[in-house]
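Step one of this worksheet: look at the structure below.
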Amino acid sequence: MPLTRQDVEKVALLARLTLTDAEAEAMTSQLAGIVDYVDQLAQADVEGVEPMAQAVESANVFQQDEVRAGLPREFALRNAPRHSDAGYLVPAVLGD
Amino acid sequence: MSPTELTAARQLELLASGDSSAEELVSNHLALIDSVDGSVGAFLRVDHQGALAHARAIDGRRARGERLGALAGLPVAVKDILCQTGERVTCASRMLEGFTSPYDATVVAKLRAADAVLIGRTNMDEFAMGGSTENSAFQPTRNPWDLERSPGGSSGGAAACVAARMAPLSIGTDTGGSIRQPAGLCGVVGLKPTYGRVSRFGLVAFASSLDQVGPLARTTEGAAMLLDAITGHDPFDSTSLALPPTAAAANLAKPLENLRIGVVAEHYAEGLDAEVEAAVRAAIRQYQSLGAEVVDVSLPNSKYAVATYYVIAPCEASSNLARYDGIHYGRRADESAIAAALAAERKAALDAGDQAAADAVEPALVRLYRQSRSEAFGPEVKRRIMLGAYALSAGYYDAYYLKALKVRRLIRQDFDAAFQKCDLIVGPTTAGPASKLGSFDDDPLGMYLLDLYTVSANLAGLPAMSLPCGKTKSGLPIGLHLIAPPLEEERLLRGARMYEAAAGQFVEKPACC
């Protein structure tokens, strides 16, 4: 099923992007071309093959559950576009 | 002759013998950057004062007889994707234009511990997405061998600054070939270590299961020294392997005995440039003349490597780049303008009597996310995020992401089988020499296909490198690509050194510097 402009609009919302008309048009044809190329994966025979999420499939890595110094709050907030010295500021989320 | 002409190892000898101070050496490089980088554009920022002050401090410690690190006084350039305390870290993106790092990446901390002098931050494709360094939001980098051509990418600045003698060593990152491809196209040595060899702590994430940090240098010796300085276990990265640092420089000059070179039939297919093929076949003959046995090996699933990569990498990228929300750090769109726009949209809907449309106007927070990201990300980053979000979305996950993870295992199994029959795989780094700037402006898929020979090593997690193996008739460098089994960086470098020692070190320099 070819990728459509509607798919692009839907994915843009999922990806938290807003595309202009021109961007959405270009994105539709470019993504369709790329998806068409990666569709060749359908030909690979993966019967009985386990997915490989990591190149080094090591076991879980544990560390001691102990309190350590982290990044001080003022450092963490220093790059925030808007903050209150105690936390990040966002637009009102509930009600008006 | 200026010391900038010398390899990293010879520069260290000058410093150790007292024939040059670190201050002089760093000054020489800064002067070259000042005269050359206006036309190359390898650096996003150069730290003149900080580098000179650090060099003088190292000279002082040397004069007092203090113990110094392995790279003491040597200038090293760092790709603008690794955190460095108090420095801007932009990833060549408008998104991070104002970001200042609150801590050091482990690799940067290790460079400091080795007493390297951090001279500047190199240009790259935005968030390391691309193969030409033209996706930088700030400037393109030009290939020092032909200023009309791209240096490759994404570590294009890292490769170009070493090729043009502006730094003897530099740090790059490689997710699908981003160290090896520009190294090949700029005529320098670049190495991607085994996944997990080098800590990713403080590396701005692109595709976390594929990203590795690695060295670029003009010779295998420089690459080995820099690799030895940055490897080793790091408790801050849970994928970091619990192994001591490599010690590849010490044994570099020892040739490998009974070496079996694997030649992959699938590498010599349609699309491979004739001059590149001739240079690679000549290199294989060179190995034979050194006593190596040539073994034919097959990587039947390598034909799926680019498709597999361009599912997995964008999926991981769309997830990793979700952190850029305009809230915690990075660019934030104008909130008052958003509030006014949303109010106007609601009013227009109500005026038209459409309550449903008024209710459907998105919340201010969602609009802030979308607008901040859309203003700040460049087209290639948006494409990858979209591609990843699409492949992970309901109905497509099994067909794309899960399928790609299974093919990824087949690709790794091909390598495991091939390395039963050979010790190193040798082939081309790229299908052709450096492209003209602008070649891929409207052809993202064409750019993705540049990664044909390099992506498999990332998918399989294997160490791999590129080293110069000649030039085209028009004077463009050609890269030889070597791949080794997991953790065999020393074998990889010794094998590369055998060729380099026999074929010559390609020490000629580009005309621009």
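Residue numbering restarts at 1 for every chain of the structure tokens, chains are lettered A, B, ... in their displayed order, and ligands are numbered from 1 as they appear.
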Please give the complete set of residues from range 89-331 of chain B that DSSP, run on the backbone, assigns to strand (DSSP E), formatted as a ChimeraX atom specification. /B:117-122,169-174,189-192,212-217,260-264,293-297
Residues of chain B at most 6 Å from chain A: nearest atom pair and distance in Å, only C-alpha atoms, as CSV:
residue,atom,partner,partner_atom,distance
B:Phe99,CA,A:Asn79,CA,6.0
B:Ser209,CA,A:Gln54,CA,5.5
B:Ala307,CA,A:Val38,CA,4.5
B:His328,CA,A:Ala80,CA,4.9
B:Tyr329,CA,A:Ala80,CA,4.5
B:Leu365,CA,A:Pro91,CA,5.8
B:Arg370,CA,A:Leu17,CA,4.4
B:Ser374,CA,A:Leu17,CA,5.4
B:Tyr390,CA,A:Val11,CA,5.9
B:Leu405,CA,A:Pro51,CA,4.6
B:Lys406,CA,A:Pro51,CA,4.1
B:Arg409,CA,A:Met52,CA,5.4
B:Ala460,CA,A:Ala55,CA,5.5
B:Gly461,CA,A:Ala55,CA,4.7
Any chance you could list, as a ChimeraX atom specification, the residues in range 185-392 of chain B that come up helix (DSSP H, G or I) when DSSP is run on the backbone? /B:185-186,220-230,265-267,274-289,300-323,335-351,355-360,364-376,379-392
Skip range 7-15 of chain B itself and residues of its chain fewer than 3 positions away, then list as a CSV table (one decimal) with N, CA and C atoms, in the first residue's frame all residues within 12 Å of it, counting only C-alpha atoms.
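Wrote it out as part03.csv, contents follow:
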chain,number,residue,atom,x,y,z
B,2,SER,N,56.8,22.8,8.7
B,2,SER,CA,56.0,23.1,9.9
B,2,SER,C,55.7,21.7,10.5
B,3,PRO,N,55.7,21.7,11.9
B,3,PRO,CA,55.3,20.5,12.6
B,3,PRO,C,53.9,20.0,12.2
B,4,THR,N,53.1,20.9,11.7
B,4,THR,CA,51.7,20.4,11.3
B,4,THR,C,51.8,19.4,10.2
B,18,GLY,N,61.6,18.0,23.5
B,18,GLY,CA,61.8,19.4,23.8
B,18,GLY,C,62.1,20.2,22.5
B,19,ASP,N,62.1,19.6,21.3
B,19,ASP,CA,62.3,20.3,20.1
B,19,ASP,C,61.1,21.3,19.8
B,20,SER,N,60.0,21.0,20.4
B,20,SER,CA,58.9,21.9,20.3
B,20,SER,C,58.2,22.0,21.6
B,21,SER,N,57.6,23.1,22.0
B,21,SER,CA,56.8,23.2,23.1
B,21,SER,C,55.3,22.9,22.6
B,22,ALA,N,54.5,22.6,23.6
B,22,ALA,CA,53.1,22.4,23.2
B,22,ALA,C,52.5,23.7,22.7
B,23,GLU,N,52.9,24.8,23.4
B,23,GLU,CA,52.4,26.1,22.9
B,23,GLU,C,52.7,26.4,21.5
B,24,GLU,N,54.0,26.1,21.1
B,24,GLU,CA,54.4,26.3,19.7
B,24,GLU,C,53.5,25.4,18.8
B,25,LEU,N,53.4,24.1,19.2
B,25,LEU,CA,52.7,23.2,18.3
B,25,LEU,C,51.3,23.6,18.1
B,26,VAL,N,50.6,24.0,19.2
B,26,VAL,CA,49.2,24.4,19.2
B,26,VAL,C,49.1,25.7,18.3
B,28,ASN,N,51.0,26.6,15.9
B,28,ASN,CA,51.2,26.3,14.5
B,28,ASN,C,49.9,25.8,13.9
B,29,HIS,N,49.2,24.9,14.7
B,29,HIS,CA,47.9,24.4,14.2
B,29,HIS,C,46.8,25.5,14.1
B,55,ALA,N,47.9,24.4,26.6
B,55,ALA,CA,49.2,24.0,26.1
B,55,ALA,C,50.3,24.6,27.0
B,58,ILE,N,50.5,22.6,30.1
B,58,ILE,CA,51.2,21.3,29.9
B,58,ILE,C,52.7,21.5,29.8
B,59,ASP,N,53.1,22.6,29.1
B,59,ASP,CA,54.6,22.9,29.0
B,59,ASP,C,55.2,23.1,30.4
B,62,ARG,N,55.5,19.8,32.2
B,62,ARG,CA,56.6,19.0,31.6
B,62,ARG,C,57.9,19.6,32.2
B,63,ALA,N,58.0,20.9,32.2
B,63,ALA,CA,59.3,21.5,32.7
B,63,ALA,C,59.5,21.1,34.2
B,68,LEU,N,53.0,13.0,32.6
B,68,LEU,CA,52.0,13.5,31.6
B,68,LEU,C,51.3,12.4,30.9
B,69,GLY,N,50.1,12.7,30.4
B,69,GLY,CA,49.3,11.7,29.7
B,69,GLY,C,49.9,11.3,28.3
B,70,ALA,N,49.3,10.3,27.7
B,70,ALA,CA,49.9,9.7,26.5
B,70,ALA,C,49.8,10.7,25.3
B,71,LEU,N,48.9,11.7,25.3
B,71,LEU,CA,48.8,12.6,24.2
B,71,LEU,C,49.2,14.0,24.6
B,72,ALA,N,50.1,14.1,25.6
B,72,ALA,CA,50.3,15.4,26.2
B,72,ALA,C,50.8,16.4,25.2
B,73,GLY,N,50.0,17.5,25.1
B,73,GLY,CA,50.3,18.7,24.3
B,73,GLY,C,49.9,18.5,22.8
B,74,LEU,N,49.3,17.4,22.5
B,74,LEU,CA,48.9,17.2,21.1
B,74,LEU,C,47.5,17.8,20.9
B,75,PRO,N,47.3,18.6,19.8
B,75,PRO,CA,46.0,19.1,19.5
B,75,PRO,C,45.0,18.0,19.0
B,76,VAL,N,43.8,18.0,19.6
B,76,VAL,CA,42.8,17.0,19.1
B,76,VAL,C,41.5,17.8,18.9
B,115,ASP,N,45.9,14.4,28.6
B,115,ASP,CA,46.6,15.7,28.4
B,115,ASP,C,46.5,16.2,26.9
B,116,ALA,N,45.5,15.7,26.2
B,116,ALA,CA,45.3,16.3,24.8
B,116,ALA,C,44.9,17.7,24.9
B,162,VAL,N,41.7,16.8,9.7
B,162,VAL,CA,42.9,16.0,9.7
B,162,VAL,C,43.6,16.0,8.4
B,163,ALA,N,42.8,15.8,7.3
B,163,ALA,CA,43.4,15.8,5.9
B,163,ALA,C,44.1,17.1,5.6
B,165,ARG,N,45.6,19.1,7.7
B,165,ARG,CA,46.7,19.3,8.7
B,165,ARG,C,46.3,20.3,9.8
B,166,MET,N,45.0,20.6,9.9
B,166,MET,CA,44.6,21.6,11.0
B,166,MET,C,44.6,20.9,12.3
B,167,ALA,N,44.6,19.6,12.4
B,167,ALA,CA,44.7,18.8,13.6
B,167,ALA,C,45.3,17.5,13.3
B,168,PRO,N,46.3,17.0,14.1
B,168,PRO,CA,46.8,15.6,13.8
B,168,PRO,C,45.8,14.5,14.1
B,169,LEU,N,44.9,14.8,15.0
B,169,LEU,CA,44.0,13.7,15.4
B,169,LEU,C,42.6,14.4,15.6
B,170,SER,N,41.6,13.6,15.4
B,170,SER,CA,40.3,14.1,15.7
B,170,SER,C,39.3,12.9,16.1
B,188,VAL,N,42.2,10.0,4.8
B,188,VAL,CA,42.8,9.8,6.2
B,188,VAL,C,42.3,8.4,6.7
B,189,VAL,N,42.8,8.1,7.9
B,189,VAL,CA,42.5,6.8,8.5
B,189,VAL,C,41.4,7.1,9.5
B,216,LEU,N,40.1,9.5,14.2
B,216,LEU,CA,40.6,9.8,12.8
B,216,LEU,C,42.0,10.3,13.0
B,217,ALA,N,42.9,10.0,12.0
B,217,ALA,CA,44.3,10.3,12.0
B,217,ALA,C,44.8,10.2,10.6
B,218,ARG,N,46.1,10.7,10.4
B,218,ARG,CA,46.6,10.5,9.1
B,218,ARG,C,47.3,9.2,8.9
B,219,THR,N,47.6,8.5,9.9
B,219,THR,CA,48.2,7.2,9.8
B,219,THR,C,47.5,6.2,10.8
B,220,THR,N,47.8,4.9,10.6
B,220,THR,CA,47.3,3.9,11.5
B,220,THR,C,47.8,4.1,12.9
B,221,GLU,N,49.1,4.6,13.0
B,221,GLU,CA,49.7,4.8,14.3
B,221,GLU,C,48.9,5.8,15.1
B,222,GLY,N,48.5,6.9,14.5
B,222,GLY,CA,47.8,7.9,15.2
B,222,GLY,C,46.4,7.4,15.6
B,223,ALA,N,45.8,6.6,14.7
B,223,ALA,CA,44.5,6.1,15.0
B,223,ALA,C,44.6,5.1,16.2
B,224,ALA,N,45.6,4.3,16.2
B,224,ALA,CA,45.8,3.4,17.4
B,224,ALA,C,46.1,4.1,18.7
B,225,MET,N,46.9,5.2,18.6
B,225,MET,CA,47.1,5.9,19.9
B,225,MET,C,45.9,6.6,20.4
B,226,LEU,N,45.1,7.1,19.5
B,226,LEU,CA,43.9,7.8,20.0
B,226,LEU,C,42.8,6.8,20.4
B,249,ALA,N,48.5,0.4,20.0
B,249,ALA,CA,49.7,1.1,19.4
B,249,ALA,C,51.0,0.3,19.7
B,505,GLN,N,52.7,5.8,3.0
B,505,GLN,CA,51.7,6.4,4.0
B,505,GLN,C,50.8,7.5,3.3
B,506,PHE,N,50.9,7.7,2.0
B,506,PHE,CA,50.1,8.7,1.4
B,506,PHE,C,50.2,10.1,2.1
B,507,VAL,N,51.5,10.5,2.3
B,507,VAL,CA,51.7,11.7,3.1
B,507,VAL,C,51.6,13.0,2.3
B,508,GLU,N,51.3,12.9,1.0
B,508,GLU,CA,51.1,14.1,0.2
B,508,GLU,C,50.0,14.9,0.9
B,509,LYS,N,50.0,16.2,0.7
B,509,LYS,CA,48.9,16.9,1.3
B,509,LYS,C,48.1,17.6,0.2
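Across the structure, CA of Ala77 in chain B and CA of Gly153 in chain B are spaced 15.7 Å apart.
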Neighbouring residues of Glu362 in chain B were defined as those with any atom within 12 Å, considering only C-alpha atoms; residues of the same chain fewer than 2 positions away were excluded. Please report them as a list in words. Leu13, Arg16, Thr18 and Val93 of chain A; Ile338, Ala339, Ala341, Leu342, Ala343, Glu345, Arg346, Ala356, Ala357, Ala358, Asp359, Ala360, Ala364, Leu365, Val366, Arg367, Leu368, Tyr369, Arg370 and Gln371 of chain B
Ala278 in chain B environment, 12 Å, only C-alpha atoms, sequence neighbours closer than 3 positions dropped, as a compact mmCIF listing (two decimals) with N, CA and C atoms, in the first residue's frame:
# COMPACT_ATOMS: atom_id res chain seq x y z
N TYR B 268 31.61 -6.43 -5.38
CA TYR B 268 32.03 -6.00 -6.71
C TYR B 268 30.88 -6.09 -7.69
N LEU B 272 29.94 0.09 -8.52
CA LEU B 272 31.28 0.34 -7.98
C LEU B 272 32.12 1.02 -9.06
N ASP B 273 32.67 2.18 -8.71
CA ASP B 273 33.51 2.96 -9.62
C ASP B 273 34.74 2.13 -10.05
N ALA B 274 35.07 2.21 -11.35
CA ALA B 274 36.15 1.36 -11.88
C ALA B 274 37.50 1.70 -11.24
N GLU B 275 37.76 2.99 -11.01
CA GLU B 275 39.04 3.35 -10.40
C GLU B 275 39.12 2.88 -8.94
N ARG B 281 41.50 -3.73 -5.66
CA ARG B 281 42.09 -5.00 -6.10
C ARG B 281 43.62 -4.95 -6.02
N ALA B 282 44.19 -3.77 -6.28
CA ALA B 282 45.65 -3.62 -6.14
C ALA B 282 46.05 -3.80 -4.68
N ALA B 283 45.24 -3.28 -3.77
CA ALA B 283 45.54 -3.44 -2.34
C ALA B 283 45.47 -4.91 -1.94
N ILE B 284 44.51 -5.63 -2.49
CA ILE B 284 44.40 -7.06 -2.18
C ILE B 284 45.65 -7.79 -2.70
N ARG B 285 46.11 -7.40 -3.90
CA ARG B 285 47.36 -8.01 -4.42
C ARG B 285 48.54 -7.67 -3.52
N GLY B 427 37.69 -4.58 1.48
CA GLY B 427 36.88 -4.13 0.34
C GLY B 427 36.95 -2.63 0.20
N PRO B 428 36.08 -2.06 -0.62
CA PRO B 428 36.03 -0.60 -0.75
C PRO B 428 35.27 0.04 0.41
N ALA B 431 31.56 3.42 -2.83
CA ALA B 431 31.45 2.96 -4.21
C ALA B 431 32.16 3.89 -5.19
N GLY B 432 32.36 5.14 -4.77
CA GLY B 432 33.02 6.11 -5.64
C GLY B 432 33.75 7.14 -4.83
N CYS B 469 44.07 4.10 0.08
CA CYS B 469 44.69 3.08 -0.77
C CYS B 469 44.91 3.63 -2.18
N GLY B 470 45.09 4.92 -2.29
CA GLY B 470 45.39 5.51 -3.59
C GLY B 470 44.47 6.65 -3.92
N LYS B 471 44.59 7.11 -5.15
CA LYS B 471 43.76 8.24 -5.59
C LYS B 471 43.28 7.99 -7.01
N THR B 472 42.20 8.66 -7.35
CA THR B 472 41.71 8.60 -8.74
C THR B 472 42.63 9.45 -9.61
N LYS B 473 42.45 9.31 -10.93
CA LYS B 473 43.28 10.12 -11.85
C LYS B 473 43.07 11.61 -11.60
N ILE B 478 40.96 7.45 -2.34
CA ILE B 478 40.18 6.21 -2.35
C ILE B 478 40.45 5.49 -1.02
N GLY B 479 39.38 4.99 -0.40
CA GLY B 479 39.52 4.34 0.89
C GLY B 479 39.42 2.82 0.79
N LEU B 480 40.27 2.14 1.58
CA LEU B 480 40.23 0.69 1.71
C LEU B 480 39.53 0.37 3.02
May I ask for the distance between CA of Val361 in chain B and CA of Ala348 in chain B, given in Å to one decimal place? 10.8 Å
Do you know which residues are at most 10 Å from Phe440 in chain B counting only C-alpha atoms, after dropping those on the same chain fewer than 5 positions away, and could you put them as a PDB file with N, CA and C atoms, in the first residue's frame?
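Result file is selection-v4.pdb:
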ATOM      1  N   GLY B 131      25.482  11.974   4.875  1.00  0.00           N
ATOM      2  CA  GLY B 131      26.775  11.452   4.439  1.00  0.00           C
ATOM      3  C   GLY B 131      27.579  12.478   3.674  1.00  0.00           C
ATOM      4  N   SER B 132      27.324  13.771   3.901  1.00  0.00           N
ATOM      5  CA  SER B 132      28.047  14.783   3.127  1.00  0.00           C
ATOM      6  C   SER B 132      28.420  16.025   3.914  1.00  0.00           C
ATOM      7  N   GLU B 134      26.684  18.349   4.385  1.00  0.00           N
ATOM      8  CA  GLU B 134      25.890  19.476   3.875  1.00  0.00           C
ATOM      9  C   GLU B 134      24.618  19.679   4.685  1.00  0.00           C
ATOM     10  N   SER B 435      31.723  13.223  -3.816  1.00  0.00           N
ATOM     11  CA  SER B 435      30.735  13.800  -4.735  1.00  0.00           C
ATOM     12  C   SER B 435      30.810  15.315  -4.717  1.00  0.00           C
ATOM     13  N   LEU B 445      17.372   9.207  -0.894  1.00  0.00           N
ATOM     14  CA  LEU B 445      17.654   7.774  -1.033  1.00  0.00           C
ATOM     15  C   LEU B 445      19.033   7.564  -1.666  1.00  0.00           C
ATOM     16  N   GLY B 446      19.379   8.411  -2.646  1.00  0.00           N
ATOM     17  CA  GLY B 446      20.707   8.332  -3.259  1.00  0.00           C
ATOM     18  C   GLY B 446      21.801   8.517  -2.222  1.00  0.00           C
ATOM     19  N   MET B 447      21.576   9.436  -1.269  1.00  0.00           N
ATOM     20  CA  MET B 447      22.565   9.624  -0.220  1.00  0.00           C
ATOM     21  C   MET B 447      22.624   8.399   0.694  1.00  0.00           C
ATOM     22  N   TYR B 448      21.483   7.798   0.990  1.00  0.00           N
ATOM     23  CA  TYR B 448      21.475   6.632   1.877  1.00  0.00           C
ATOM     24  C   TYR B 448      22.294   5.481   1.260  1.00  0.00           C
TER      25      TYR B 448
END
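Take CA of Ala434 in chain B and CA of Ala503 in chain B: the distance between them is 21.8 Å.
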Within 8 Å of range 510-512 of chain B, counting only C-alpha atoms, which residues show up once you throw out same-chain ones fewer than 4 positions away? Write them as number ranges by chain, please. B: 36, 144-145, 163-164
